[in-house]
Amino acid sequence: MIHVMLRHPTHMISVMQLAGGRQATLRPALPQDAELQRAFFRALSDEDRYYRFMSRMAEPTDALVQRFTDIDHRSHVALLACATADSRETMVGEVRYIADEVDPASAEFAVAVTSGWQGMGLGRMLLARLTSHAVAAGMSRLEGDTLANNAGMIALARNSGFTVAPKREDRRLMRLVKDLTAGSGRARSAGQPSTHCATAA
C-alpha cells in the first residue's frame with residue numbers, strides 16, 4: 001500500500017543528543033508506522049505498558065494502532081523518537097497530544113520510553129518538544145491523568161511546570177495540568193525523566 005502524506009511536517013524532524021553519547025531522531029508519526037508502533041508496544045515493560053494504557057493489554061488493537069498513526073499533526077500531534085542500527089529503524093519513545101473536542105485549545109498528552117532508553121533525558125526532551133509545539137499551535141493547556149503511584153511521571157510533570165493534584169472523580173489518579181498561556185509554555189529544566197505515560201491518549 002502506498003501512503004500519501006500531504007503537508008508533511010518536516011519542521012518536526014530533529015536529532016536529539018542524549019546522556020551517554022547516544023542519539024535518537026525525533027520525527028512525526030506517519031501512517032506507515034503501524035509495525036513500528038506494534039513493536040514499540042511490545043518493547044515496553046509490563047509496568048510501563050500498564051502506566052501508559054492503564055490496562056493489561058497484551059497486544060494493541062488494530063483500532064488503537066490506526067488511531068496512533070493516522071493523525072493530522074494539528075489536533076493530534078505525535079512525535080516518535082527512533083534509533084537506527086544496520087539501516088533498521090526502532091521506535092524507542094513517543095509523545096503526543098490530542099485536542100479536546102469540546103475545548104480545542106486544551107489537549108490530553110502522553111509520553112513513554114522503552115526501558116533500554118530510560119535515564120538519559122529522553123522523556124524530558126520529548127515532553128519539552130511537545131510543549132513547544134503546543135505553544136506554537138496556540139494551545140492554552142496540556143492535561144493528563146496518571147496513576148497515583150507513578151512516581152516517575154509525577155516527578156517529570158512537576159519538573160516540567162505541570163501542577164499535580166488528585167483527580168476528584170477517581171482518587172487513584174493524579175491530574176497533571178500545564179497552563180501554556182502568558183509565556184508559561186517554556187519547559188523548565190528537569191531532573192531525571194519519566195519513562196511512563198500520563199494518559200492513554
# chains A, B, ... in the order shown; residues from 1 in each chain; ligands from 1

call {"tool": "residues_around", "arguments": {"residues": "Met91 in chain A", "least_positions_apart": "5", "cutoff": "7 Å", "atoms": "only C-alpha atoms", "output": "PyMOL selection string"}}
result
chain A and resi 36+40+80-83

call {"tool": "select_by_dssp", "arguments": {"residues": "range 43-191 of chain A", "states": "alpha helix (DSSP H)", "output": "PDB file with N, CA and C atoms, in the first residue's frame"}}
result
ATOM      1  N   ALA A  43       7.874  -3.700  23.199  1.00  0.00           N
ATOM      2  CA  ALA A  43       9.152  -3.414  23.854  1.00  0.00           C
ATOM      3  C   ALA A  43       8.977  -2.773  25.228  1.00  0.00           C
ATOM      4  N   ASP A  46       6.054  -4.610  31.250  1.00  0.00           N
ATOM      5  CA  ASP A  46       4.668  -4.749  31.700  1.00  0.00           C
ATOM      6  C   ASP A  46       4.239  -3.548  32.529  1.00  0.00           C
ATOM      7  N   GLU A  47       5.146  -3.073  33.380  1.00  0.00           N
ATOM      8  CA  GLU A  47       4.812  -1.927  34.227  1.00  0.00           C
ATOM      9  C   GLU A  47       4.633  -0.670  33.388  1.00  0.00           C
ATOM     10  N   ASP A  48       5.568  -0.423  32.474  1.00  0.00           N
ATOM     11  CA  ASP A  48       5.463   0.765  31.634  1.00  0.00           C
ATOM     12  C   ASP A  48       4.213   0.736  30.775  1.00  0.00           C
ATOM     13  N   ARG A  49       3.891  -0.460  30.262  1.00  0.00           N
ATOM     14  CA  ARG A  49       2.697  -0.587  29.435  1.00  0.00           C
ATOM     15  C   ARG A  49       1.442  -0.320  30.270  1.00  0.00           C
ATOM     16  N   TYR A  50       1.428  -0.791  31.498  1.00  0.00           N
ATOM     17  CA  TYR A  50       0.271  -0.560  32.358  1.00  0.00           C
ATOM     18  C   TYR A  50       0.133   0.932  32.684  1.00  0.00           C
ATOM     19  N   TYR A  51       1.261   1.585  32.996  1.00  0.00           N
ATOM     20  CA  TYR A  51       1.205   3.021  33.253  1.00  0.00           C
ATOM     21  C   TYR A  51       0.759   3.781  32.010  1.00  0.00           C
ATOM     22  N   ARG A  52       1.184   3.317  30.847  1.00  0.00           N
ATOM     23  CA  ARG A  52       0.854   4.021  29.596  1.00  0.00           C
ATOM     24  C   ARG A  52      -0.615   3.911  29.237  1.00  0.00           C
ATOM     25  N   PHE A  53      -1.162   2.685  29.357  1.00  0.00           N
ATOM     26  CA  PHE A  53      -2.532   2.451  28.887  1.00  0.00           C
ATOM     27  C   PHE A  53      -3.523   2.179  30.016  1.00  0.00           C
ATOM     28  N   ASP A  62      -6.011  -3.254  16.457  1.00  0.00           N
ATOM     29  CA  ASP A  62      -5.827  -2.594  15.161  1.00  0.00           C
ATOM     30  C   ASP A  62      -6.373  -1.170  15.195  1.00  0.00           C
ATOM     31  N   ALA A  63      -7.478  -0.982  15.913  1.00  0.00           N
ATOM     32  CA  ALA A  63      -8.081   0.352  16.001  1.00  0.00           C
ATOM     33  C   ALA A  63      -7.162   1.317  16.732  1.00  0.00           C
ATOM     34  N   LEU A  64      -6.497   0.837  17.785  1.00  0.00           N
ATOM     35  CA  LEU A  64      -5.580   1.697  18.527  1.00  0.00           C
ATOM     36  C   LEU A  64      -4.370   2.069  17.674  1.00  0.00           C
ATOM     37  N   VAL A  65      -3.823   1.102  16.955  1.00  0.00           N
ATOM     38  CA  VAL A  65      -2.677   1.373  16.093  1.00  0.00           C
ATOM     39  C   VAL A  65      -3.053   2.381  15.013  1.00  0.00           C
ATOM     40  N   GLN A  66      -4.223   2.223  14.432  1.00  0.00           N
ATOM     41  CA  GLN A  66      -4.663   3.170  13.409  1.00  0.00           C
ATOM     42  C   GLN A  66      -4.828   4.566  14.001  1.00  0.00           C
ATOM     43  N   ARG A  67      -5.374   4.622  15.201  1.00  0.00           N
ATOM     44  CA  ARG A  67      -5.562   5.924  15.857  1.00  0.00           C
ATOM     45  C   ARG A  67      -4.217   6.600  16.118  1.00  0.00           C
ATOM     46  N   PHE A  68      -3.206   5.811  16.409  1.00  0.00           N
ATOM     47  CA  PHE A  68      -1.897   6.366  16.733  1.00  0.00           C
ATOM     48  C   PHE A  68      -1.079   6.742  15.502  1.00  0.00           C
ATOM     49  N   THR A  69      -1.466   6.245  14.333  1.00  0.00           N
ATOM     50  CA  THR A  69      -0.677   6.520  13.127  1.00  0.00           C
ATOM     51  C   THR A  69      -1.401   7.412  12.121  1.00  0.00           C
ATOM     52  N   LEU A 122      15.557  11.350  27.730  1.00  0.00           N
ATOM     53  CA  LEU A 122      14.688  11.302  26.552  1.00  0.00           C
ATOM     54  C   LEU A 122      13.258  11.713  26.881  1.00  0.00           C
ATOM     55  N   GLY A 123      12.727  11.208  27.978  1.00  0.00           N
ATOM     56  CA  GLY A 123      11.359  11.578  28.348  1.00  0.00           C
ATOM     57  C   GLY A 123      11.204  13.074  28.552  1.00  0.00           C
ATOM     58  N   ARG A 124      12.187  13.687  29.212  1.00  0.00           N
ATOM     59  CA  ARG A 124      12.151  15.133  29.443  1.00  0.00           C
ATOM     60  C   ARG A 124      12.204  15.895  28.125  1.00  0.00           C
ATOM     61  N   MET A 125      13.099  15.458  27.213  1.00  0.00           N
ATOM     62  CA  MET A 125      13.214  16.141  25.921  1.00  0.00           C
ATOM     63  C   MET A 125      11.943  16.006  25.099  1.00  0.00           C
ATOM     64  N   LEU A 126      11.346  14.831  25.115  1.00  0.00           N
ATOM     65  CA  LEU A 126      10.122  14.625  24.352  1.00  0.00           C
ATOM     66  C   LEU A 126       9.005  15.528  24.845  1.00  0.00           C
ATOM     67  N   LEU A 127       8.835  15.596  26.161  1.00  0.00           N
ATOM     68  CA  LEU A 127       7.765  16.422  26.703  1.00  0.00           C
ATOM     69  C   LEU A 127       8.025  17.901  26.449  1.00  0.00           C
ATOM     70  N   ALA A 128       9.287  18.323  26.545  1.00  0.00           N
ATOM     71  CA  ALA A 128       9.614  19.723  26.255  1.00  0.00           C
ATOM     72  C   ALA A 128       9.325  20.062  24.800  1.00  0.00           C
ATOM     73  N   ARG A 129       9.667  19.146  23.892  1.00  0.00           N
ATOM     74  CA  ARG A 129       9.422  19.402  22.472  1.00  0.00           C
ATOM     75  C   ARG A 129       7.922  19.452  22.181  1.00  0.00           C
ATOM     76  N   LEU A 130       7.163  18.545  22.785  1.00  0.00           N
ATOM     77  CA  LEU A 130       5.710  18.563  22.583  1.00  0.00           C
ATOM     78  C   LEU A 130       5.108  19.864  23.099  1.00  0.00           C
ATOM     79  N   THR A 131       5.583  20.306  24.257  1.00  0.00           N
ATOM     80  CA  THR A 131       5.086  21.559  24.827  1.00  0.00           C
ATOM     81  C   THR A 131       5.358  22.727  23.895  1.00  0.00           C
ATOM     82  N   SER A 132       6.547  22.755  23.296  1.00  0.00           N
ATOM     83  CA  SER A 132       6.882  23.827  22.359  1.00  0.00           C
ATOM     84  C   SER A 132       5.947  23.823  21.163  1.00  0.00           C
ATOM     85  N   HIS A 133       5.632  22.635  20.637  1.00  0.00           N
ATOM     86  CA  HIS A 133       4.712  22.547  19.505  1.00  0.00           C
ATOM     87  C   HIS A 133       3.307  22.999  19.911  1.00  0.00           C
ATOM     88  N   ALA A 134       2.898  22.640  21.126  1.00  0.00           N
ATOM     89  CA  ALA A 134       1.573  23.041  21.593  1.00  0.00           C
ATOM     90  C   ALA A 134       1.481  24.557  21.712  1.00  0.00           C
ATOM     91  N   VAL A 135       2.524  25.190  22.235  1.00  0.00           N
ATOM     92  CA  VAL A 135       2.542  26.652  22.353  1.00  0.00           C
ATOM     93  C   VAL A 135       2.471  27.288  20.971  1.00  0.00           C
ATOM     94  N   ALA A 136       3.293  26.787  20.028  1.00  0.00           N
ATOM     95  CA  ALA A 136       3.308  27.342  18.675  1.00  0.00           C
ATOM     96  C   ALA A 136       1.969  27.171  17.977  1.00  0.00           C
ATOM     97  N   ALA A 151       5.423   7.437  40.290  1.00  0.00           N
ATOM     98  CA  ALA A 151       6.291   8.491  40.826  1.00  0.00           C
ATOM     99  C   ALA A 151       7.143   9.139  39.738  1.00  0.00           C
ATOM    100  N   GLY A 152       7.600   8.365  38.761  1.00  0.00           N
ATOM    101  CA  GLY A 152       8.438   8.922  37.708  1.00  0.00           C
ATOM    102  C   GLY A 152       7.712   9.961  36.881  1.00  0.00           C
ATOM    103  N   MET A 153       6.477   9.656  36.488  1.00  0.00           N
ATOM    104  CA  MET A 153       5.703  10.597  35.679  1.00  0.00           C
ATOM    105  C   MET A 153       5.356  11.841  36.480  1.00  0.00           C
ATOM    106  N   ILE A 154       5.021  11.655  37.746  1.00  0.00           N
ATOM    107  CA  ILE A 154       4.676  12.795  38.595  1.00  0.00           C
ATOM    108  C   ILE A 154       5.874  13.719  38.756  1.00  0.00           C
ATOM    109  N   ALA A 155       7.070  13.148  38.935  1.00  0.00           N
ATOM    110  CA  ALA A 155       8.277  13.965  39.067  1.00  0.00           C
ATOM    111  C   ALA A 155       8.557  14.720  37.774  1.00  0.00           C
ATOM    112  N   LEU A 156       8.437  14.038  36.632  1.00  0.00           N
ATOM    113  CA  LEU A 156       8.667  14.696  35.354  1.00  0.00           C
ATOM    114  C   LEU A 156       7.687  15.843  35.151  1.00  0.00           C
ATOM    115  N   ALA A 157       6.413  15.598  35.461  1.00  0.00           N
ATOM    116  CA  ALA A 157       5.394  16.630  35.279  1.00  0.00           C
ATOM    117  C   ALA A 157       5.713  17.856  36.134  1.00  0.00           C
ATOM    118  N   ARG A 158       6.043  17.638  37.391  1.00  0.00           N
ATOM    119  CA  ARG A 158       6.342  18.775  38.268  1.00  0.00           C
ATOM    120  C   ARG A 158       7.565  19.541  37.782  1.00  0.00           C
ATOM    121  N   ASN A 159       8.598  18.818  37.366  1.00  0.00           N
ATOM    122  CA  ASN A 159       9.809  19.476  36.890  1.00  0.00           C
ATOM    123  C   ASN A 159       9.604  20.191  35.559  1.00  0.00           C
TER     124      ASN A 159
END

call {"tool": "residues_around", "arguments": {"residues": "Pro31 in chain A", "least_positions_apart": "2", "cutoff": "8 Å", "atoms": "only C-alpha atoms", "output": "list in words"}}
result
His3, Ala29, Asp33, Ala34, Gln66, Thr69, Asp70 and Ile71 of chain A

call {"tool": "write_last_selection", "arguments": {"atoms": "C-alpha atoms", "output": "mmCIF file, in the first residue's frame"}}
result
data_model
loop_
_atom_site.group_PDB
_atom_site.id
_atom_site.type_symbol
_atom_site.label_atom_id
_atom_site.label_comp_id
_atom_site.auth_asym_id
_atom_site.auth_seq_id
_atom_site.Cartn_x
_atom_site.Cartn_y
_atom_site.Cartn_z
ATOM 1 C CA HIS A 3 0.580 6.214 1.653
ATOM 2 C CA ALA A 29 4.316 9.778 13.245
ATOM 3 C CA ASP A 33 4.359 3.384 11.179
ATOM 4 C CA ALA A 34 1.883 0.688 12.234
ATOM 5 C CA GLN A 66 -4.663 3.170 13.409
ATOM 6 C CA THR A 69 -0.677 6.520 13.127
ATOM 7 C CA ASP A 70 -3.488 8.183 11.168
ATOM 8 C CA ILE A 71 -3.126 11.692 12.566
#

call {"tool": "select_by_dssp", "arguments": {"residues": "range 38-140 of chain A", "states": "strand (DSSP E)", "output": "number ranges by chain"}}
result
A: 76-85, 88-99, 106-113

call {"tool": "write_last_selection", "arguments": {"atoms": "C-alpha atoms", "output": "mmCIF file, in the first residue's frame"}}
result
data_model
loop_
_atom_site.group_PDB
_atom_site.id
_atom_site.type_symbol
_atom_site.label_atom_id
_atom_site.label_comp_id
_atom_site.auth_asym_id
_atom_site.auth_seq_id
_atom_site.Cartn_x
_atom_site.Cartn_y
_atom_site.Cartn_z
ATOM 1 C CA HIS A 76 -3.463 15.252 17.055
ATOM 2 C CA VAL A 77 0.323 15.675 17.233
ATOM 3 C CA ALA A 78 2.581 12.658 17.723
ATOM 4 C CA LEU A 79 6.379 12.687 17.814
ATOM 5 C CA LEU A 80 8.428 9.487 17.688
ATOM 6 C CA ALA A 81 11.959 9.035 18.983
ATOM 7 C CA CYS A 82 13.687 6.493 16.751
ATOM 8 C CA ALA A 83 17.113 4.847 16.772
ATOM 9 C CA THR A 84 18.685 3.405 13.634
ATOM 10 C CA ALA A 85 21.074 0.453 13.532
ATOM 11 C CA ARG A 88 16.748 -0.578 10.636
ATOM 12 C CA GLU A 89 14.627 1.960 12.478
ATOM 13 C CA THR A 90 13.443 1.183 16.000
ATOM 14 C CA MET A 91 10.982 3.307 17.934
ATOM 15 C CA VAL A 92 12.295 3.935 21.459
ATOM 16 C CA GLY A 93 9.959 6.664 22.707
ATOM 17 C CA GLU A 94 6.923 8.717 21.836
ATOM 18 C CA VAL A 95 4.986 11.747 22.962
ATOM 19 C CA ARG A 96 1.640 13.019 21.716
ATOM 20 C CA TYR A 97 -1.299 15.256 22.410
ATOM 21 C CA ILE A 98 -4.893 15.101 21.235
ATOM 22 C CA ALA A 99 -7.020 18.236 21.353
ATOM 23 C CA SER A 106 -6.895 22.094 25.578
ATOM 24 C CA ALA A 107 -5.238 18.751 24.879
ATOM 25 C CA GLU A 108 -4.552 15.433 26.582
ATOM 26 C CA PHE A 109 -0.921 14.345 26.440
ATOM 27 C CA ALA A 110 1.046 11.110 26.858
ATOM 28 C CA VAL A 111 4.722 10.149 26.899
ATOM 29 C CA ALA A 112 6.519 6.797 27.083
ATOM 30 C CA VAL A 113 10.078 5.497 26.665
#

call {"tool": "residues_around", "arguments": {"residues": "Asp170 in chain A", "least_positions_apart": "4", "cutoff": "12 Å", "atoms": "only C-alpha atoms", "output": "NGL selection string"}}
result
:A and (145-148 or 165-166 or 174-175)

call {"tool": "closest_residue", "arguments": {"among": "A:Arg22, A:Arg56, A:Arg38, A:His73", "to": "Pro9 in chain A", "atoms": "only C-alpha atoms"}}
result
A:His73

call {"tool": "decode", "arguments": {"residues": "range 24-124 of chain A", "atoms": "C-alpha atoms", "output": "compact mmCIF listing (two decimals), in the first residue's frame"}}
result
# COMPACT_ATOMS: atom_id res chain seq x y z
CA ALA A 24 17.72 9.50 18.63
CA THR A 25 15.90 11.03 15.70
CA LEU A 26 12.71 12.87 16.53
CA ARG A 27 10.10 12.81 13.77
CA PRO A 28 6.33 12.99 13.34
CA ALA A 29 4.32 9.78 13.25
CA LEU A 30 3.36 8.56 9.77
CA PRO A 31 0.54 6.32 8.51
CA GLN A 32 3.08 3.63 7.58
CA ASP A 33 4.36 3.38 11.18
CA ALA A 34 1.88 0.69 12.23
CA GLU A 35 4.51 -2.04 12.66
CA LEU A 36 6.85 0.36 14.47
CA GLN A 37 4.03 1.16 16.88
CA ARG A 38 3.31 -2.52 17.48
CA ALA A 39 6.99 -3.26 18.11
CA PHE A 40 7.21 -0.30 20.49
CA PHE A 41 4.19 -1.56 22.41
CA ARG A 42 5.83 -4.98 22.82
CA ALA A 43 9.15 -3.41 23.85
CA LEU A 44 7.57 -1.63 26.81
CA SER A 45 7.89 -3.47 30.12
CA ASP A 46 4.67 -4.75 31.70
CA GLU A 47 4.81 -1.93 34.23
CA ASP A 48 5.46 0.77 31.63
CA ARG A 49 2.70 -0.59 29.44
CA TYR A 50 0.27 -0.56 32.36
CA TYR A 51 1.20 3.02 33.25
CA ARG A 52 0.85 4.02 29.60
CA PHE A 53 -2.53 2.45 28.89
CA MET A 54 -3.85 1.80 32.40
CA SER A 55 -4.76 -1.73 31.37
CA ARG A 56 -3.09 -5.13 30.95
CA MET A 57 -3.29 -5.25 27.16
CA ALA A 58 -1.05 -7.96 25.69
CA GLU A 59 -1.26 -6.52 22.17
CA PRO A 60 -2.52 -3.21 20.77
CA THR A 61 -5.76 -3.45 18.86
CA ASP A 62 -5.83 -2.59 15.16
CA ALA A 63 -8.08 0.35 16.00
CA LEU A 64 -5.58 1.70 18.53
CA VAL A 65 -2.68 1.37 16.09
CA GLN A 66 -4.66 3.17 13.41
CA ARG A 67 -5.56 5.92 15.86
CA PHE A 68 -1.90 6.37 16.73
CA THR A 69 -0.68 6.52 13.13
CA ASP A 70 -3.49 8.18 11.17
CA ILE A 71 -3.13 11.69 12.57
CA ASP A 72 -3.48 15.24 11.24
CA HIS A 73 -0.49 16.92 13.01
CA ARG A 74 -2.81 19.70 14.17
CA SER A 75 -5.45 18.46 16.60
CA HIS A 76 -3.46 15.25 17.05
CA VAL A 77 0.32 15.68 17.23
CA ALA A 78 2.58 12.66 17.72
CA LEU A 79 6.38 12.69 17.81
CA LEU A 80 8.43 9.49 17.69
CA ALA A 81 11.96 9.04 18.98
CA CYS A 82 13.69 6.49 16.75
CA ALA A 83 17.11 4.85 16.77
CA THR A 84 18.69 3.41 13.63
CA ALA A 85 21.07 0.45 13.53
CA ASP A 86 22.06 -1.57 10.45
CA SER A 87 19.61 0.55 8.40
CA ARG A 88 16.75 -0.58 10.64
CA GLU A 89 14.63 1.96 12.48
CA THR A 90 13.44 1.18 16.00
CA MET A 91 10.98 3.31 17.93
CA VAL A 92 12.30 3.94 21.46
CA GLY A 93 9.96 6.66 22.71
CA GLU A 94 6.92 8.72 21.84
CA VAL A 95 4.99 11.75 22.96
CA ARG A 96 1.64 13.02 21.72
CA TYR A 97 -1.30 15.26 22.41
CA ILE A 98 -4.89 15.10 21.23
CA ALA A 99 -7.02 18.24 21.35
CA ASP A 100 -10.25 18.11 23.30
CA GLU A 101 -13.31 18.05 21.02
CA VAL A 102 -15.23 20.46 23.25
CA ASP A 103 -12.30 22.77 24.05
CA PRO A 104 -9.84 22.60 21.11
CA ALA A 105 -7.35 24.81 22.96
CA SER A 106 -6.90 22.09 25.58
CA ALA A 107 -5.24 18.75 24.88
CA GLU A 108 -4.55 15.43 26.58
CA PHE A 109 -0.92 14.35 26.44
CA ALA A 110 1.05 11.11 26.86
CA VAL A 111 4.72 10.15 26.90
CA ALA A 112 6.52 6.80 27.08
CA VAL A 113 10.08 5.50 26.67
CA THR A 114 11.31 1.89 26.40
CA SER A 115 13.35 0.56 29.30
CA GLY A 116 16.65 0.44 27.38
CA TRP A 117 16.45 4.18 26.72
CA GLN A 118 15.39 5.34 30.15
CA GLY A 119 17.53 7.53 32.38
CA MET A 120 19.14 9.50 29.54
CA GLY A 121 16.83 12.51 29.45
CA LEU A 122 14.69 11.30 26.55
CA GLY A 123 11.36 11.58 28.35
CA ARG A 124 12.15 15.13 29.44
